[in-house]
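J.: To be precise about what I am sending: the file is called run_23.pdb and holds PDB, C-alpha atoms, pLDDT in the B column.
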ATOM      1  CA  MET A  16     -94.605-176.533-142.677  1.00 58.00           C
ATOM      2  CA  ASN A  17     -97.358-178.948-141.659  1.00 72.00           C
ATOM      3  CA  VAL A  18     -96.671-182.485-142.732  1.00 82.00           C
ATOM      4  CA  THR A  19     -99.673-184.500-143.879  1.00 89.00           C
ATOM      5  CA  PRO A  20    -100.246-188.171-143.056  1.00 92.00           C
ATOM      6  CA  VAL A  21     -99.701-189.041-146.728  1.00 94.00           C
ATOM      7  CA  ALA A  22     -96.218-187.483-146.609  1.00 94.00           C
ATOM      8  CA  TYR A  23     -95.410-189.540-143.513  1.00 95.00           C
ATOM      9  CA  ARG A  24     -96.551-192.720-145.266  1.00 96.00           C
ATOM     10  CA  TYR A  25     -94.293-192.062-148.244  1.00 96.00           C
ATOM     11  CA  ALA A  26     -91.407-191.123-145.934  1.00 96.00           C
ATOM     12  CA  ARG A  27     -91.877-194.294-143.879  1.00 96.00           C
ATOM     13  CA  SER A  28     -91.943-196.432-147.032  1.00 95.00           C
ATOM     14  CA  LEU A  29     -88.656-194.894-148.187  1.00 96.00           C
ATOM     15  CA  MET A  30     -87.250-195.408-144.679  1.00 96.00           C
ATOM     16  CA  GLN A  31     -88.278-199.074-144.727  1.00 96.00           C
ATOM     17  CA  LEU A  32     -86.719-199.616-148.151  1.00 96.00           C
ATOM     18  CA  ALA A  33     -83.503-197.874-147.072  1.00 96.00           C
ATOM     19  CA  LEU A  34     -83.312-200.029-143.934  1.00 95.00           C
ATOM     20  CA  GLU A  35     -83.855-203.222-145.941  1.00 96.00           C
ATOM     21  CA  ARG A  36     -81.109-202.281-148.390  1.00 96.00           C
ATOM     22  CA  GLY A  37     -78.742-200.963-145.706  1.00 95.00           C
ATOM     23  CA  GLU A  38     -78.723-197.514-147.327  1.00 96.00           C
ATOM     24  CA  LEU A  39     -80.277-195.484-144.507  1.00 95.00           C
ATOM     25  CA  GLU A  40     -77.480-192.916-144.221  1.00 96.00           C
ATOM     26  CA  ALA A  41     -77.366-192.393-147.983  1.00 96.00           C
ATOM     27  CA  ALA A  42     -81.147-191.921-148.081  1.00 96.00           C
ATOM     28  CA  ARG A  43     -80.935-189.445-145.174  1.00 97.00           C
ATOM     29  CA  GLU A  44     -78.311-187.397-146.984  1.00 97.00           C
ATOM     30  CA  ASP A  45     -80.321-187.495-150.209  1.00 96.00           C
ATOM     31  CA  MET A  46     -83.544-186.394-148.534  1.00 97.00           C
ATOM     32  CA  PHE A  47     -81.683-183.655-146.661  1.00 96.00           C
ATOM     33  CA  LEU A  48     -80.391-182.381-150.016  1.00 96.00           C
ATOM     34  CA  VAL A  49     -83.894-182.567-151.504  1.00 96.00           C
ATOM     35  CA  ALA A  50     -85.393-180.675-148.540  1.00 95.00           C
ATOM     36  CA  GLU A  51     -82.731-177.953-148.702  1.00 96.00           C
ATOM     37  CA  THR A  52     -82.975-177.599-152.477  1.00 95.00           C
ATOM     38  CA  CYS A  53     -86.761-177.322-152.370  1.00 94.00           C
ATOM     39  CA  ALA A  54     -86.639-174.847-149.474  1.00 94.00           C
ATOM     40  CA  ASP A  55     -84.122-172.658-151.329  1.00 95.00           C
ATOM     41  CA  SER A  56     -85.864-172.664-154.712  1.00 94.00           C
ATOM     42  CA  ARG A  57     -89.323-171.188-155.074  1.00 94.00           C
ATOM     43  CA  GLU A  58     -89.241-171.996-158.784  1.00 94.00           C
ATOM     44  CA  LEU A  59     -88.637-175.682-158.071  1.00 94.00           C
ATOM     45  CA  ARG A  60     -91.572-175.812-155.656  1.00 93.00           C
ATOM     46  CA  GLN A  61     -93.784-174.153-158.276  1.00 94.00           C
ATOM     47  CA  LEU A  62     -92.601-176.592-160.931  1.00 92.00           C
ATOM     48  CA  LEU A  63     -93.418-179.538-158.672  1.00 93.00           C
ATOM     49  CA  LYS A  64     -96.955-178.258-158.082  1.00 93.00           C
ATOM     50  CA  SER A  65     -97.623-177.223-161.667  1.00 92.00           C
ATOM     51  CA  PRO A  66    -100.484-179.147-163.293  1.00 91.00           C
ATOM     52  CA  VAL A  67     -99.420-177.851-166.727  1.00 92.00           C
ATOM     53  CA  LEU A  68     -96.116-179.730-166.927  1.00 91.00           C
ATOM     54  CA  LYS A  69     -96.342-183.419-167.754  1.00 93.00           C
ATOM     55  CA  ALA A  70     -94.743-186.110-165.599  1.00 92.00           C
ATOM     56  CA  ASP A  71     -91.996-186.973-168.107  1.00 92.00           C
ATOM     57  CA  ARG A  72     -90.917-183.323-168.275  1.00 93.00           C
ATOM     58  CA  LYS A  73     -90.782-183.099-164.467  1.00 93.00           C
ATOM     59  CA  ILE A  74     -88.699-186.282-164.327  1.00 92.00           C
ATOM     60  CA  LYS A  75     -86.213-184.728-166.793  1.00 93.00           C
ATOM     61  CA  VAL A  76     -86.005-181.454-164.856  1.00 92.00           C
ATOM     62  CA  LEU A  77     -85.519-183.190-161.507  1.00 92.00           C
ATOM     63  CA  GLY A  78     -82.964-185.471-163.176  1.00 90.00           C
ATOM     64  CA  ARG A  79     -80.966-182.373-164.094  1.00 93.00           C
ATOM     65  CA  VAL A  80     -81.395-180.789-160.666  1.00 93.00           C
ATOM     66  CA  PHE A  81     -80.442-183.883-158.655  1.00 93.00           C
ATOM     67  CA  GLY A  82     -78.497-185.834-161.297  1.00 85.00           C
ATOM     68  CA  GLY A  83     -75.400-187.388-159.770  1.00 88.00           C
ATOM     69  CA  LYS A  84     -76.210-185.861-156.368  1.00 94.00           C
ATOM     70  CA  VAL A  85     -78.697-188.449-155.115  1.00 95.00           C
ATOM     71  CA  GLY A  86     -78.503-192.222-155.077  1.00 95.00           C
ATOM     72  CA  HIS A  87     -80.298-194.582-157.440  1.00 94.00           C
ATOM     73  CA  MET A  88     -82.886-195.542-154.812  1.00 96.00           C
ATOM     74  CA  THR A  89     -83.810-191.918-154.102  1.00 95.00           C
ATOM     75  CA  LYS A  90     -83.981-191.096-157.813  1.00 94.00           C
ATOM     76  CA  ARG A  91     -86.353-194.017-158.387  1.00 95.00           C
ATOM     77  CA  PHE A  92     -88.431-192.947-155.373  1.00 96.00           C
ATOM     78  CA  ILE A  93     -88.791-189.427-156.822  1.00 95.00           C
ATOM     79  CA  ASP A  94     -89.760-190.909-160.204  1.00 93.00           C
ATOM     80  CA  ILE A  95     -92.483-192.979-158.517  1.00 95.00           C
ATOM     81  CA  LEU A  96     -93.793-189.880-156.723  1.00 95.00           C
ATOM     82  CA  ILE A  97     -94.039-188.067-160.057  1.00 93.00           C
ATOM     83  CA  ARG A  98     -95.818-190.963-161.772  1.00 93.00           C
ATOM     84  CA  LYS A  99     -98.309-191.132-158.873  1.00 93.00           C
ATOM     85  CA  GLY A 100     -98.933-187.372-159.110  1.00 93.00           C
ATOM     86  CA  ARG A 101     -97.468-186.698-155.655  1.00 94.00           C
ATOM     87  CA  GLU A 102     -94.449-184.631-156.733  1.00 94.00           C
ATOM     88  CA  GLY A 103     -95.899-181.496-155.121  1.00 94.00           C
ATOM     89  CA  MET A 104     -95.462-183.241-151.780  1.00 95.00           C
ATOM     90  CA  LEU A 105     -91.732-183.848-152.273  1.00 95.00           C
ATOM     91  CA  PRO A 106     -90.591-181.076-149.864  1.00 95.00           C
ATOM     92  CA  GLU A 107     -93.058-182.337-147.260  1.00 96.00           C
ATOM     93  CA  ILE A 108     -91.963-185.957-147.726  1.00 96.00           C
ATOM     94  CA  ALA A 109     -88.308-184.954-147.383  1.00 96.00           C
ATOM     95  CA  GLN A 110     -89.112-183.178-144.128  1.00 94.00           C
ATOM     96  CA  ALA A 111     -91.144-186.159-142.882  1.00 96.00           C
ATOM     97  CA  PHE A 112     -88.242-188.466-143.749  1.00 97.00           C
ATOM     98  CA  GLN A 113     -85.901-186.378-141.591  1.00 95.00           C
ATOM     99  CA  ALA A 114     -88.349-186.685-138.670  1.00 93.00           C
ATOM    100  CA  ALA A 115     -88.721-190.446-139.233  1.00 94.00           C
ATOM    101  CA  TYR A 116     -84.932-190.819-139.350  1.00 96.00           C
ATOM    102  CA  ARG A 117     -84.537-188.962-136.045  1.00 94.00           C
ATOM    103  CA  ASN A 118     -87.231-191.162-134.520  1.00 92.00           C
ATOM    104  CA  GLU A 119     -85.567-194.335-135.824  1.00 93.00           C
ATOM    105  CA  GLN A 120     -82.178-193.271-134.421  1.00 95.00           C
ATOM    106  CA  ASN A 121     -83.592-192.005-131.050  1.00 94.00           C
ATOM    107  CA  ILE A 122     -82.540-188.438-131.786  1.00 94.00           C
ATOM    108  CA  LEU A 123     -84.486-185.550-130.257  1.00 94.00           C
ATOM    109  CA  LEU A 124     -84.272-181.976-131.467  1.00 93.00           C
ATOM    110  CA  ALA A 125     -84.066-179.413-128.703  1.00 93.00           C
ATOM    111  CA  GLU A 126     -84.840-175.991-130.149  1.00 95.00           C
ATOM    112  CA  VAL A 127     -83.213-173.282-128.043  1.00 94.00           C
ATOM    113  CA  LYS A 128     -84.058-169.587-128.435  1.00 94.00           C
ATOM    114  CA  SER A 129     -81.885-167.116-126.578  1.00 92.00           C
ATOM    115  CA  ALA A 130     -81.361-163.380-126.550  1.00 90.00           C
ATOM    116  CA  VAL A 131     -77.640-163.819-127.252  1.00 92.00           C
ATOM    117  CA  PRO A 132     -75.688-166.779-128.666  1.00 94.00           C
ATOM    118  CA  LEU A 133     -75.182-169.525-126.081  1.00 93.00           C
ATOM    119  CA  ASN A 134     -71.752-170.079-124.634  1.00 94.00           C
ATOM    120  CA  ASP A 135     -70.381-173.596-124.116  1.00 95.00           C
ATOM    121  CA  THR A 136     -71.451-173.721-120.447  1.00 95.00           C
ATOM    122  CA  ALA A 137     -75.062-172.738-121.189  1.00 92.00           C
ATOM    123  CA  ARG A 138     -75.152-175.141-124.125  1.00 94.00           C
ATOM    124  CA  ALA A 139     -73.950-177.998-121.867  1.00 94.00           C
ATOM    125  CA  GLN A 140     -76.558-177.121-119.216  1.00 93.00           C
ATOM    126  CA  VAL A 141     -79.401-177.147-121.725  1.00 91.00           C
ATOM    127  CA  LYS A 142     -78.204-180.444-123.189  1.00 93.00           C
ATOM    128  CA  LYS A 143     -77.875-181.994-119.717  1.00 93.00           C
ATOM    129  CA  MET A 144     -81.389-180.866-118.762  1.00 91.00           C
ATOM    130  CA  ALA A 145     -82.812-182.321-121.978  1.00 91.00           C
ATOM    131  CA  GLU A 146     -80.967-185.630-121.484  1.00 92.00           C
ATOM    132  CA  GLU A 147     -82.299-185.891-117.909  1.00 92.00           C
ATOM    133  CA  ARG A 148     -85.878-185.330-119.111  1.00 90.00           C
ATOM    134  CA  HIS A 149     -85.483-187.789-122.008  1.00 91.00           C
ATOM    135  CA  PRO A 150     -83.095-190.590-120.967  1.00 93.00           C
ATOM    136  CA  GLY A 151     -81.771-192.853-123.702  1.00 92.00           C
ATOM    137  CA  LYS A 152     -82.229-190.224-126.413  1.00 93.00           C
ATOM    138  CA  THR A 153     -79.496-188.398-128.258  1.00 93.00           C
ATOM    139  CA  ILE A 154     -80.114-184.662-128.023  1.00 93.00           C
ATOM    140  CA  THR A 155     -79.334-182.340-130.928  1.00 93.00           C
ATOM    141  CA  LEU A 156     -79.486-178.622-130.171  1.00 94.00           C
ATOM    142  CA  VAL A 157     -80.875-176.214-132.745  1.00 94.00           C
ATOM    143  CA  GLU A 158     -80.047-172.701-131.626  1.00 95.00           C
ATOM    144  CA  THR A 159     -81.636-169.415-132.702  1.00 95.00           C
ATOM    145  CA  VAL A 160     -81.014-165.918-131.430  1.00 94.00           C
ATOM    146  CA  ASP A 161     -84.058-163.738-130.667  1.00 92.00           C
ATOM    147  CA  PRO A 162     -83.140-160.361-129.091  1.00 90.00           C
ATOM    148  CA  SER A 163     -86.793-159.730-128.167  1.00 88.00           C
ATOM    149  CA  LEU A 164     -86.389-162.259-125.328  1.00 87.00           C
ATOM    150  CA  ILE A 165     -84.216-159.674-123.507  1.00 87.00           C
ATOM    151  CA  GLY A 166     -82.460-162.485-121.600  1.00 87.00           C
ATOM    152  CA  GLY A 167     -82.818-166.148-120.655  1.00 86.00           C
ATOM    153  CA  VAL A 168     -83.804-169.008-122.940  1.00 89.00           C
ATOM    154  CA  ILE A 169     -86.801-170.855-124.316  1.00 93.00           C
ATOM    155  CA  VAL A 170     -86.249-174.584-124.834  1.00 93.00           C
ATOM    156  CA  ARG A 171     -88.672-176.614-126.936  1.00 94.00           C
ATOM    157  CA  ILE A 172     -88.404-180.414-127.110  1.00 91.00           C
ATOM    158  CA  GLY A 173     -91.246-181.992-129.028  1.00 83.00           C
ATOM    159  CA  ASP A 174     -94.485-180.757-127.461  1.00 86.00           C
ATOM    160  CA  GLU A 175     -92.801-179.557-124.271  1.00 90.00           C
ATOM    161  CA  GLN A 176     -91.682-175.942-123.861  1.00 91.00           C
ATOM    162  CA  ILE A 177     -89.701-174.443-121.005  1.00 89.00           C
ATOM    163  CA  ASP A 178     -89.799-170.652-121.046  1.00 90.00           C
ATOM    164  CA  GLY A 179     -87.136-169.054-118.871  1.00 84.00           C
ATOM    165  CA  SER A 180     -86.979-165.780-120.786  1.00 87.00           C
ATOM    166  CA  VAL A 181     -86.914-162.339-119.181  1.00 85.00           C
ATOM    167  CA  SER A 182     -89.663-161.136-121.530  1.00 85.00           C
ATOM    168  CA  ARG A 183     -91.953-163.898-120.205  1.00 86.00           C
ATOM    169  CA  ARG A 184     -91.167-162.987-116.589  1.00 86.00           C
ATOM    170  CA  LEU A 185     -91.910-159.324-117.304  1.00 86.00           C
ATOM    171  CA  SER A 186     -95.186-160.296-118.948  1.00 87.00           C
ATOM    172  CA  ASP A 187     -96.143-162.424-115.930  1.00 86.00           C
ATOM    173  CA  LEU A 188     -95.208-159.598-113.586  1.00 85.00           C
ATOM    174  CA  GLY A 189     -97.311-157.127-115.579  1.00 85.00           C
ATOM    175  CA  ARG A 190    -100.284-159.476-115.405  1.00 86.00           C
ATOM    176  CA  LYS A 191     -99.814-159.878-111.658  1.00 84.00           C
ATOM    177  CA  PHE A 192     -99.767-156.105-111.149  1.00 79.00           C
ATOM    178  CA  SER A 193    -102.932-155.698-113.207  1.00 81.00           C
ATOM    179  CA  GLU A 194    -104.736-158.030-110.770  1.00 79.00           C
ATOM    180  CA  ASN A 195    -104.613-155.698-107.752  1.00 70.00           C
ATOM    181  CA  PRO A 196    -106.381-157.503-104.876  1.00 70.00           C
ATOM    182  CA  TYR A 197    -106.308-154.402-102.635  1.00 72.00           C
ATOM    183  CA  ILE A 198    -108.809-152.334-104.593  1.00 68.00           C
ATOM    184  CA  PRO A 199    -112.328-153.549-103.931  1.00 68.00           C
ATOM    185  CA  GLU A 200    -114.475-153.905-106.969  1.00 66.00           C
ATOM    186  CA  ILE A 201    -117.967-152.432-106.791  1.00 64.00           C
TER     187      ILE A 201
END
What would the structure in this file look like if it were written as structure tokens?
T.:
Amino acid sequence: MNVTPVAYRYARSLMQLALERGELEAAREDMFLVAETCADSRELRQLLKSPVLKADRKIKVLGRVFGGKVGHMTKRFIDILIRKGREGMLPEIAQAFQAAYRNEQNILLAEVKSAVPLNDTARAQVKKMAEERHPGKTITLVETVDPSLIGGVIVRIGDEQIDGSVSRRLSDLGRKFSENPYIPEI
């Protein structure tokens, strides 16, 4: 999901408020719950984007969905979003908040794709490599299994990608063979 600059602004304002009140961890947990709930419920996302439902009705529905599960500050923040007509951006804002939280806490996500699940040794090697490339940051691994890689791993940290997969090597080899320098072209 692409996150718009407006979503980042709302996420940063919630982050600032949470820092001022000393409720950063509670806000992180709340926004994680909001992001997961919105990702799991297509109906909720449609309700948030619906121009037919009035703001007070949306506030009641979200009160029932998140009632007792999120803190007072987060509930008020969601109410403000609804009154401003930005409730359709709630999933995006929740995602942007998670990114802002990681940035604030110096946490980097290292996305690792492998053909088979990583063992502890491979996991430690990937984490060590990421920590060497980004000193002073806490590295969190997010692992996915993709059998189409055949073997090896692809590590993505921010904008940087390291592709050590067998499928990539085979692709490079195939390209190299297609460029036969021994046959003169006429």
J.: Using only C-alpha atoms, what residues lie at most 10 Å away from (-90.4, -177.3, -154.4) (file coordinates), given as an MDAnalysis selection string?
T.: chainID A and resid 49:64 102:107
J.: So, counting all atoms listed in the file, which residue among A:Leu164, A:Leu32, A:Phe81, A:Asp187 is closest to Val131 in chain A?
T.: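 Counting all atoms listed in the file, the residue closest to Val131 in chain A is A:Leu164.
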J.: Quick one: apply the PyMOL selection byres ((chain A and resi 127) around 7) to the file and drop the selected residues here as a list in words.
T.: Ala125, Glu126, Lys128, Ser129, Leu156, Val157, Glu158, Thr159, Val168, Ile169, Val170 and Arg171 of chain A
J.: List the residues matched by the PyMOL selection byres ((chain A and resi 29) around 9) in the displayed structure as a compact mmCIF listing (two decimals) with C-alpha atoms, in the coordinates of the input, ordered by chain and then by residue number.
T.:
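File part_0.txt, as written:
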# COMPACT_ATOMS: atom_id res chain seq x y z
CA ARG A 24 -96.55 -192.72 -145.27
CA TYR A 25 -94.29 -192.06 -148.24
CA ALA A 26 -91.41 -191.12 -145.93
CA ARG A 27 -91.88 -194.29 -143.88
CA SER A 28 -91.94 -196.43 -147.03
CA MET A 30 -87.25 -195.41 -144.68
CA GLN A 31 -88.28 -199.07 -144.73
CA LEU A 32 -86.72 -199.62 -148.15
CA ALA A 33 -83.50 -197.87 -147.07
CA LEU A 34 -83.31 -200.03 -143.93
CA ALA A 42 -81.15 -191.92 -148.08
CA MET A 88 -82.89 -195.54 -154.81
CA THR A 89 -83.81 -191.92 -154.10
CA PHE A 92 -88.43 -192.95 -155.37
CA PHE A 112 -88.24 -188.47 -143.75
J.: With all atoms listed in the file as the basis for distance, which of A:Leu133, A:Ile93, A:Tyr197, A:Ile122 is at the shortest distance from Ile108 in chain A?
T.: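 Once distances to Ile108 in chain A are computed over all atoms listed in the file, the minimum belongs to A:Ile93.
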J.: Rounded to one decimal, what separation in Å do you get between CA of Thr155 in chain A and CA of Glu119 in chain A?
T.: 14.4 Å
J.: Determine, counting all atoms listed in the file, which protein, DNA and RNA residues have an atom within 9 Å of an atom of Leu48 in chain A; residues of the same chain fewer than 6 positions away are not included. Present the result as JSON, numbers by chain.
T.: {"A": [81, 84, 85, 109]}
J.: Next, write the just-selected residues to a file, as a compact mmCIF listing (two decimals), in the coordinates of the input, keeping C-alpha atoms as the atom set.
T.:
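To be explicit, this is the file written out as out.txt:
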# COMPACT_ATOMS: atom_id res chain seq x y z
CA PHE A 81 -80.44 -183.88 -158.66
CA LYS A 84 -76.21 -185.86 -156.37
CA VAL A 85 -78.70 -188.45 -155.12
CA ALA A 109 -88.31 -184.95 -147.38
J.: On this file, the PyMOL selection byres ((chain A and resi 145) around 12) gives some set of residues; write that set as a ChimeraX atom specification.
T.: /A:122-127,138-144,146-156,170-173,175-177
J.: Taking all atoms listed in the file into account, which of A:Gly167, A:His87, A:Ala115, A:Val21 comes nearest Leu185 in chain A?
T.: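 The shortest atom-to-atom distance to Leu185 in chain A comes from A:Gly167.
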J.: Taking all atoms listed in the file into account, which of A:Asp161, A:Arg43, A:Gly78, A:Gly166 comes nearest Arg184 in chain A?
T.: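 With all atoms listed in the file as the atom set, the closest residue is A:Gly166.
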J.: Between CA of Ser193 in chain A and CA of Val181 in chain A, measure the distance and give it in Å to one decimal.
T.: 18.3 Å
